[in-house]
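This report concerns only the one structure given below.
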Amino acid sequence: MKQSIKKAAVIGSGVMGSGIAAHLANVGIPTLLLDIVPNKLTDEEEKKGLTLSDKVVRNRIVQSSLQKLLKQKPAPLTTKSNLQLIEAGNLEDDIEKLKDCDWIIEVIVENLEVKKSLFEKVDQYRKLGSIVSSNTSGISVEAMSEGRSEDFQKNFLGTHFFNPPRYLKLLEVIPTKNTDPAVVSFIKEFGENVLGKGIVLAKDTPNFIANRIGTYGLLVTVKEMLEGGYSVGEVDSVTGPLIGRPKSATFRTLDVVGLDTFIHVAKNVYDKVEGAEKEVFDVPSFMKTMQQNGWLGSKSGQGFYLKQGKEILELDPETLQYGPRKKLKTAAVEMSKQAKGYSNKLKALVYADDRAGNLLWSILAPVLSYSANLLGEIADDIVAIDEAMKWGFGWEYGPFETWDAIGIEDSVLKMKQDGITVPAWIDEMLEKGYRSFYQKDNGVTSFYHNGEYKAKEVNKKVVHLKTISETKGVIKKNSGANLIDLGDDVALLEFRSPNNAIGLDILQMINYAVDEVDKNYKGLVIGNQGKNFCVGANLAMILMEAQDDNFYELDMVVRMFQQAMMKIKYSNKPVVAAPFGMTLGGGTEVSLPAAKIQASSETYMGLVEVGVGLIPGGGGNKELYLKHLNSMPKELDFDLQKVANKVFETIATAKVSTSAHEARDLHFLNEKDSVSFNGDHLIHDAKQAALNLFEAGYTAPVRQKIPVTGETGYATMLLGAYNMHYSGYISDHDLNIAKKLANVIAGGKVAYGTLVDEQYLLDIEREAFLSLLGEPKTQQRMQHMLVKGKPLRN
């Protein structure tokens, strides 16, 4: 029988349990969330005359957790309506409902006996064949299943989600000796394809892979800070993006995680290991004092950092006083910033004999050695270790990729000189003449494993555009974009400008791409694998032309933008946009006219031009209005004014979706558009969407006239804006922008219900855009955004 998950249960509704339930709901799985029954009433419940037998009291713990999901930042739910998929219950009244669940996840207190007692109950009520897993981060998965039925043990494993479950990619899967391999395969496939996770198979050892190495690395860093006389701020200034780690670096990460959580995780390992390793996991006394003081980080208002007004102060571990934040500035840091490529940047740092170089070598070398020594104990291969650190801790490169970057031979020599233990298998590898852990040949990545190189297993849905470009070459490219052959007769247009901002080079490539696909391909995908899909048009270029009064050229550029968007819309072959991350302004305008949008779940879409004193100029107003109109039931009369008002409000307030689901609520996506939960599968999914449209006999849409609200609609839209202006909420210039926007959405000075063509709407949009561009206050806003990176209210 083929396994499937139609309904799930999560037991334990704390931050982690409710977060996992929220993520299951995000992917559309109805989920039962259970917790214990309270043993006493709250004051409020007593006032209402409730008793401990009332259902509202018995489910209070879970209901309270569900309400917190709506307020948490970052939001655990991709849209608030997903809360409807989570059913609240308790472990006494509702445990029988486990018989309807295909997957039961335990997320309760980290205590082996309590967990075993719960699993004894679960075993009585679950249905045969249902998967049961524990989200433990430190207790033996094997020990939990002792004494359970054969069917339970066969379907039991560890599934360690990372917090917050919606955003962190890593899911460590920990089988026991009794787990059916088919169950492991199913969870791996389900985790990748449905939950959008990066799956790593881990061994049943303390803290598994990521927390074991991550905690070790953090504690080594603290030790080096104390011994080398560095400050908290100095360490963070060189242990973040400079070495391919998150901006939160070391101590800001600890503040976000919470010191109490970190100390608990460290103790897990401390209790189970011996010798020198045990010493490292003994948390320094000043951190224990911080915990006693309640200085736990972000959740308690202070930790390694304390915010006072606009200033952020750092903690002195010696005095436990706060002072100004320091940065480490050395010759090596400057050399690294100038160097090209990760390998050269890192070598400039770790081999330098200055304060930054000495610190980074003392931090990195032990972590690399530790990771290599744990191979076989915590994971079967180096890939699992590297991917766990990238997906769980946000490292850009895993330990073995980092080791390759600094050069294995040179670093091993230096490690041995410093008395750092290098495992025998690395010496053997070097003796055989192998000089790197990874090799790349014709687009295939291999890794060193048991004395030879082994091809890395890759899910067929994972597409690497860089590899495709290197192996197959590109069809055509210019300074802003590449046109790539994705295979199966589908081409891909990849933006490659800074921030993927749209300039003339990208517009030229859009025109070329649509023509080329029309002649030689089945479809076109517009996508890339940068940090964000596209943050809009090239603002600096537009401002420069406006300040030079080059409005003839600007008119030509805006026309080109509009025509390129119409070319996407009326292409004879299907064009599929694949947005992800920031998809703002022009990024949204490129997506809206596509035959289909295949969006990553984490897509933040919005027409945000009012923030720089403008309105959308590439057809975005018209396309969003059409998306709204097309979502209306054809057989019923609807209020055109309500549609216009909604579009006006979305653009005038620069609403940005916080997920693809919310983009659908805002009508940036419609029922034809789809969502990919695994960002690594986005290009594959978009390519399949283009092929499916082609195979279904895709034809370009027929041009149709559009009903508009005209002058009466214009007046109605502006009512709210005038009220806000009179109340002092918006400035004169904001009101001016609102007038221009309302006129475009209303279709100008025509009667209510008039049918107009698209070019007419594009012309009045372009006129409004250019007139606002000539306003000094708009130019001030653009300048401010370019310099400060945030909107100016003037």
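Residues in the structure tokens are numbered from 1 in each chain, the chains being A, B, ... in the order shown, and ligands are numbered from 1 in the order shown.
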
Any idea what's packed within 8 Å of Gly19 in chain A, counting only C-alpha atoms, ignoring anything in its chain fewer than 4 positions away? Could you give it as a ChimeraX atom specification? /A:15,23,69,76,163-166

DSSP on the backbone: which residues in range 143-229 of chain A end up as strand (DSSP E or B)? Give the answer as a list in words.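 Here is the list: Phe156, Leu157, Gly158, Thr159, His160, Phe161, Leu170, Leu171, Glu172, Val173, Ile174, Pro175, Gly198, Ile199, Val200 and Leu201 of chain A.
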
Hey, can you spit out that residue selection with N, CA and C atoms as a PDB file, in the first residue's frame?
ATOM      1  N   PHE A 156       8.327   3.964  13.468  1.00  0.00           N
ATOM      2  CA  PHE A 156       8.778   5.035  14.370  1.00  0.00           C
ATOM      3  C   PHE A 156      10.165   5.533  13.982  1.00  0.00           C
ATOM      4  N   LEU A 157      10.363   6.858  14.076  1.00  0.00           N
ATOM      5  CA  LEU A 157      11.675   7.461  13.799  1.00  0.00           C
ATOM      6  C   LEU A 157      11.730   8.863  14.413  1.00  0.00           C
ATOM      7  N   GLY A 158      12.889   9.468  14.361  1.00  0.00           N
ATOM      8  CA  GLY A 158      13.028  10.857  14.801  1.00  0.00           C
ATOM      9  C   GLY A 158      12.871  11.789  13.609  1.00  0.00           C
ATOM     10  N   THR A 159      12.123  12.874  13.789  1.00  0.00           N
ATOM     11  CA  THR A 159      12.034  13.918  12.749  1.00  0.00           C
ATOM     12  C   THR A 159      12.297  15.250  13.447  1.00  0.00           C
ATOM     13  N   HIS A 160      13.529  15.712  13.381  1.00  0.00           N
ATOM     14  CA  HIS A 160      13.932  16.908  14.117  1.00  0.00           C
ATOM     15  C   HIS A 160      13.818  18.153  13.233  1.00  0.00           C
ATOM     16  N   PHE A 161      12.714  18.882  13.422  1.00  0.00           N
ATOM     17  CA  PHE A 161      12.512  20.150  12.711  1.00  0.00           C
ATOM     18  C   PHE A 161      13.355  21.224  13.374  1.00  0.00           C
ATOM     19  N   LEU A 170      16.086  22.819   7.298  1.00  0.00           N
ATOM     20  CA  LEU A 170      16.580  21.512   7.722  1.00  0.00           C
ATOM     21  C   LEU A 170      15.523  20.660   8.436  1.00  0.00           C
ATOM     22  N   LEU A 171      15.453  19.391   8.035  1.00  0.00           N
ATOM     23  CA  LEU A 171      14.695  18.375   8.776  1.00  0.00           C
ATOM     24  C   LEU A 171      15.614  17.162   8.899  1.00  0.00           C
ATOM     25  N   GLU A 172      16.097  16.919  10.128  1.00  0.00           N
ATOM     26  CA  GLU A 172      16.953  15.755  10.376  1.00  0.00           C
ATOM     27  C   GLU A 172      16.055  14.540  10.605  1.00  0.00           C
ATOM     28  N   VAL A 173      16.290  13.492   9.841  1.00  0.00           N
ATOM     29  CA  VAL A 173      15.508  12.256   9.975  1.00  0.00           C
ATOM     30  C   VAL A 173      16.406  11.207  10.624  1.00  0.00           C
ATOM     31  N   ILE A 174      15.927  10.627  11.749  1.00  0.00           N
ATOM     32  CA  ILE A 174      16.759   9.706  12.531  1.00  0.00           C
ATOM     33  C   ILE A 174      16.048   8.357  12.666  1.00  0.00           C
ATOM     34  N   PRO A 175      16.406   7.390  11.820  1.00  0.00           N
ATOM     35  CA  PRO A 175      15.781   6.067  11.937  1.00  0.00           C
ATOM     36  C   PRO A 175      16.357   5.305  13.135  1.00  0.00           C
ATOM     37  N   GLY A 198      14.869  20.402   3.434  1.00  0.00           N
ATOM     38  CA  GLY A 198      16.112  19.744   3.060  1.00  0.00           C
ATOM     39  C   GLY A 198      16.304  18.617   4.053  1.00  0.00           C
ATOM     40  N   ILE A 199      16.315  17.371   3.574  1.00  0.00           N
ATOM     41  CA  ILE A 199      16.355  16.218   4.476  1.00  0.00           C
ATOM     42  C   ILE A 199      17.776  15.695   4.617  1.00  0.00           C
ATOM     43  N   VAL A 200      18.164  15.446   5.876  1.00  0.00           N
ATOM     44  CA  VAL A 200      19.466  14.863   6.158  1.00  0.00           C
ATOM     45  C   VAL A 200      19.237  13.648   7.054  1.00  0.00           C
ATOM     46  N   LEU A 201      19.812  12.510   6.676  1.00  0.00           N
ATOM     47  CA  LEU A 201      19.712  11.317   7.521  1.00  0.00           C
ATOM     48  C   LEU A 201      20.805  11.391   8.581  1.00  0.00           C
TER      49      LEU A 201
END

Return the single residue from A:Leu772, A:Ala210, A:Val184, A:Ala202 that is closest to Gly392 in chain A, with distances computed using only C-alpha atoms.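 Between A:Leu772, A:Ala210, A:Val184, A:Ala202, the residue approaching Gly392 in chain A most closely is A:Ala210.
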
Could you state the separation of CA of Glu387 in chain A and CA of Ser343 in chain A in Å, given to one decimal place?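 Computing the Euclidean distance for CA of Glu387 in chain A and CA of Ser343 in chain A yields 18.5 Å.
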
Give one line per residue of range 299-375 of chain A that approaches range 396-400 of chain A to at most 10 Å, naming the two atoms of the closest pair and their distance in Å to one decimal, counting only C-alpha atoms; sort by chain then ascending residue number and deliver it as a Markdown table.
| residue | atom | partner | partner_atom | distance |
| --- | --- | --- | --- | --- |
| A:Tyr342 | CA | A:Tyr397 | CA | 9.3 |
| A:Leu364 | CA | A:Pro399 | CA | 8.6 |
| A:Ala365 | CA | A:Pro399 | CA | 9.7 |
| A:Val367 | CA | A:Pro399 | CA | 7.4 |
| A:Leu368 | CA | A:Pro399 | CA | 5.6 |
| A:Ser369 | CA | A:Pro399 | CA | 9.0 |
| A:Tyr370 | CA | A:Pro399 | CA | 9.5 |
| A:Ser371 | CA | A:Pro399 | CA | 6.9 |
| A:Ala372 | CA | A:Phe400 | CA | 8.1 |

With only C-alpha atoms as the counted atoms, please give the residues lying no more than 8 Å from range 432-448 of chain A, apart from itself and same-chain residues fewer than 4 positions off, as a ChimeraX atom specification. /A:382-383,400-401,404,407-409,428,452-456,467-468,470-471

Could you write those residues out with N, CA, C and O atoms, as a JSON list (two decimals), in the first residue's frame?
[["chain", "number", "residue", "atom", "x", "y", "z"],
["A", 382, "ILE", "N", 30.02, 13.07, 4.23],
["A", 382, "ILE", "CA", 30.32, 14.49, 4.45],
["A", 382, "ILE", "C", 29.19, 15.38, 3.92],
["A", 382, "ILE", "O", 28.97, 16.48, 4.42],
["A", 383, "VAL", "N", 28.46, 14.90, 2.92],
["A", 383, "VAL", "CA", 27.36, 15.70, 2.34],
["A", 383, "VAL", "C", 26.30, 15.98, 3.40],
["A", 383, "VAL", "O", 25.80, 17.10, 3.53],
["A", 400, "PHE", "N", 33.09, 20.87, 5.22],
["A", 400, "PHE", "CA", 34.01, 20.27, 4.23],
["A", 400, "PHE", "C", 34.15, 21.14, 2.99],
["A", 400, "PHE", "O", 35.22, 21.18, 2.37],
["A", 401, "GLU", "N", 33.10, 21.87, 2.65],
["A", 401, "GLU", "CA", 33.20, 22.85, 1.56],
["A", 401, "GLU", "C", 34.14, 23.99, 1.98],
["A", 401, "GLU", "O", 34.94, 24.49, 1.17],
["A", 404, "ASP", "N", 37.69, 22.72, 1.76],
["A", 404, "ASP", "CA", 38.15, 22.79, 0.35],
["A", 404, "ASP", "C", 38.57, 24.20, -0.01],
["A", 404, "ASP", "O", 39.56, 24.42, -0.72],
["A", 407, "GLY", "N", 41.96, 25.11, 1.29],
["A", 407, "GLY", "CA", 43.02, 24.20, 0.83],
["A", 407, "GLY", "C", 43.33, 23.16, 1.88],
["A", 407, "GLY", "O", 43.76, 23.50, 3.00],
["A", 408, "ILE", "N", 43.10, 21.88, 1.56],
["A", 408, "ILE", "CA", 43.25, 20.81, 2.57],
["A", 408, "ILE", "C", 44.72, 20.66, 2.98],
["A", 408, "ILE", "O", 45.04, 20.63, 4.18],
["A", 409, "GLU", "N", 45.62, 20.60, 2.01],
["A", 409, "GLU", "CA", 47.04, 20.34, 2.34],
["A", 409, "GLU", "C", 47.61, 21.39, 3.28],
["A", 409, "GLU", "O", 48.18, 21.07, 4.32],
["A", 428, "GLU", "N", 45.05, 9.60, 4.85],
["A", 428, "GLU", "CA", 44.98, 8.56, 3.80],
["A", 428, "GLU", "C", 44.54, 9.17, 2.46],
["A", 428, "GLU", "O", 45.06, 8.84, 1.40],
["A", 452, "GLU", "N", 37.19, 6.78, -2.10],
["A", 452, "GLU", "CA", 36.98, 7.11, -3.53],
["A", 452, "GLU", "C", 35.91, 8.20, -3.65],
["A", 452, "GLU", "O", 35.28, 8.56, -2.67],
["A", 453, "TYR", "N", 35.76, 8.69, -4.87],
["A", 453, "TYR", "CA", 34.73, 9.72, -5.09],
["A", 453, "TYR", "C", 33.43, 9.06, -5.51],
["A", 453, "TYR", "O", 33.42, 8.10, -6.30],
["A", 454, "LYS", "N", 32.34, 9.59, -4.95],
["A", 454, "LYS", "CA", 31.02, 9.02, -5.20],
["A", 454, "LYS", "C", 30.10, 10.16, -5.66],
["A", 454, "LYS", "O", 30.12, 11.25, -5.07],
["A", 455, "ALA", "N", 29.32, 9.92, -6.71],
["A", 455, "ALA", "CA", 28.42, 10.98, -7.22],
["A", 455, "ALA", "C", 27.38, 11.33, -6.16],
["A", 455, "ALA", "O", 26.81, 10.44, -5.52],
["A", 456, "LYS", "N", 27.18, 12.61, -5.99],
["A", 456, "LYS", "CA", 26.20, 13.09, -5.00],
["A", 456, "LYS", "C", 24.78, 12.83, -5.53],
["A", 456, "LYS", "O", 24.48, 13.16, -6.68],
["A", 467, "THR", "N", 25.11, 25.49, -13.12],
["A", 467, "THR", "CA", 25.64, 24.27, -13.73],
["A", 467, "THR", "C", 25.17, 24.11, -15.17],
["A", 467, "THR", "O", 25.95, 23.77, -16.06],
["A", 468, "ILE", "N", 23.89, 24.40, -15.41],
["A", 468, "ILE", "CA", 23.35, 24.30, -16.77],
["A", 468, "ILE", "C", 24.08, 25.28, -17.69],
["A", 468, "ILE", "O", 24.48, 24.93, -18.81],
["A", 470, "GLU", "N", 27.09, 26.48, -17.31],
["A", 470, "GLU", "CA", 28.50, 26.08, -17.50],
["A", 470, "GLU", "C", 28.62, 24.89, -18.46],
["A", 470, "GLU", "O", 29.56, 24.80, -19.23],
["A", 471, "THR", "N", 27.65, 23.95, -18.37],
["A", 471, "THR", "CA", 27.78, 22.72, -19.17],
["A", 471, "THR", "C", 27.17, 22.87, -20.56],
["A", 471, "THR", "O", 27.73, 22.40, -21.54]]

Quote the spacing between CA of Gln779 in chain A and CA of Leu539 in chain A in Å to one decimal place. 10.3 Å
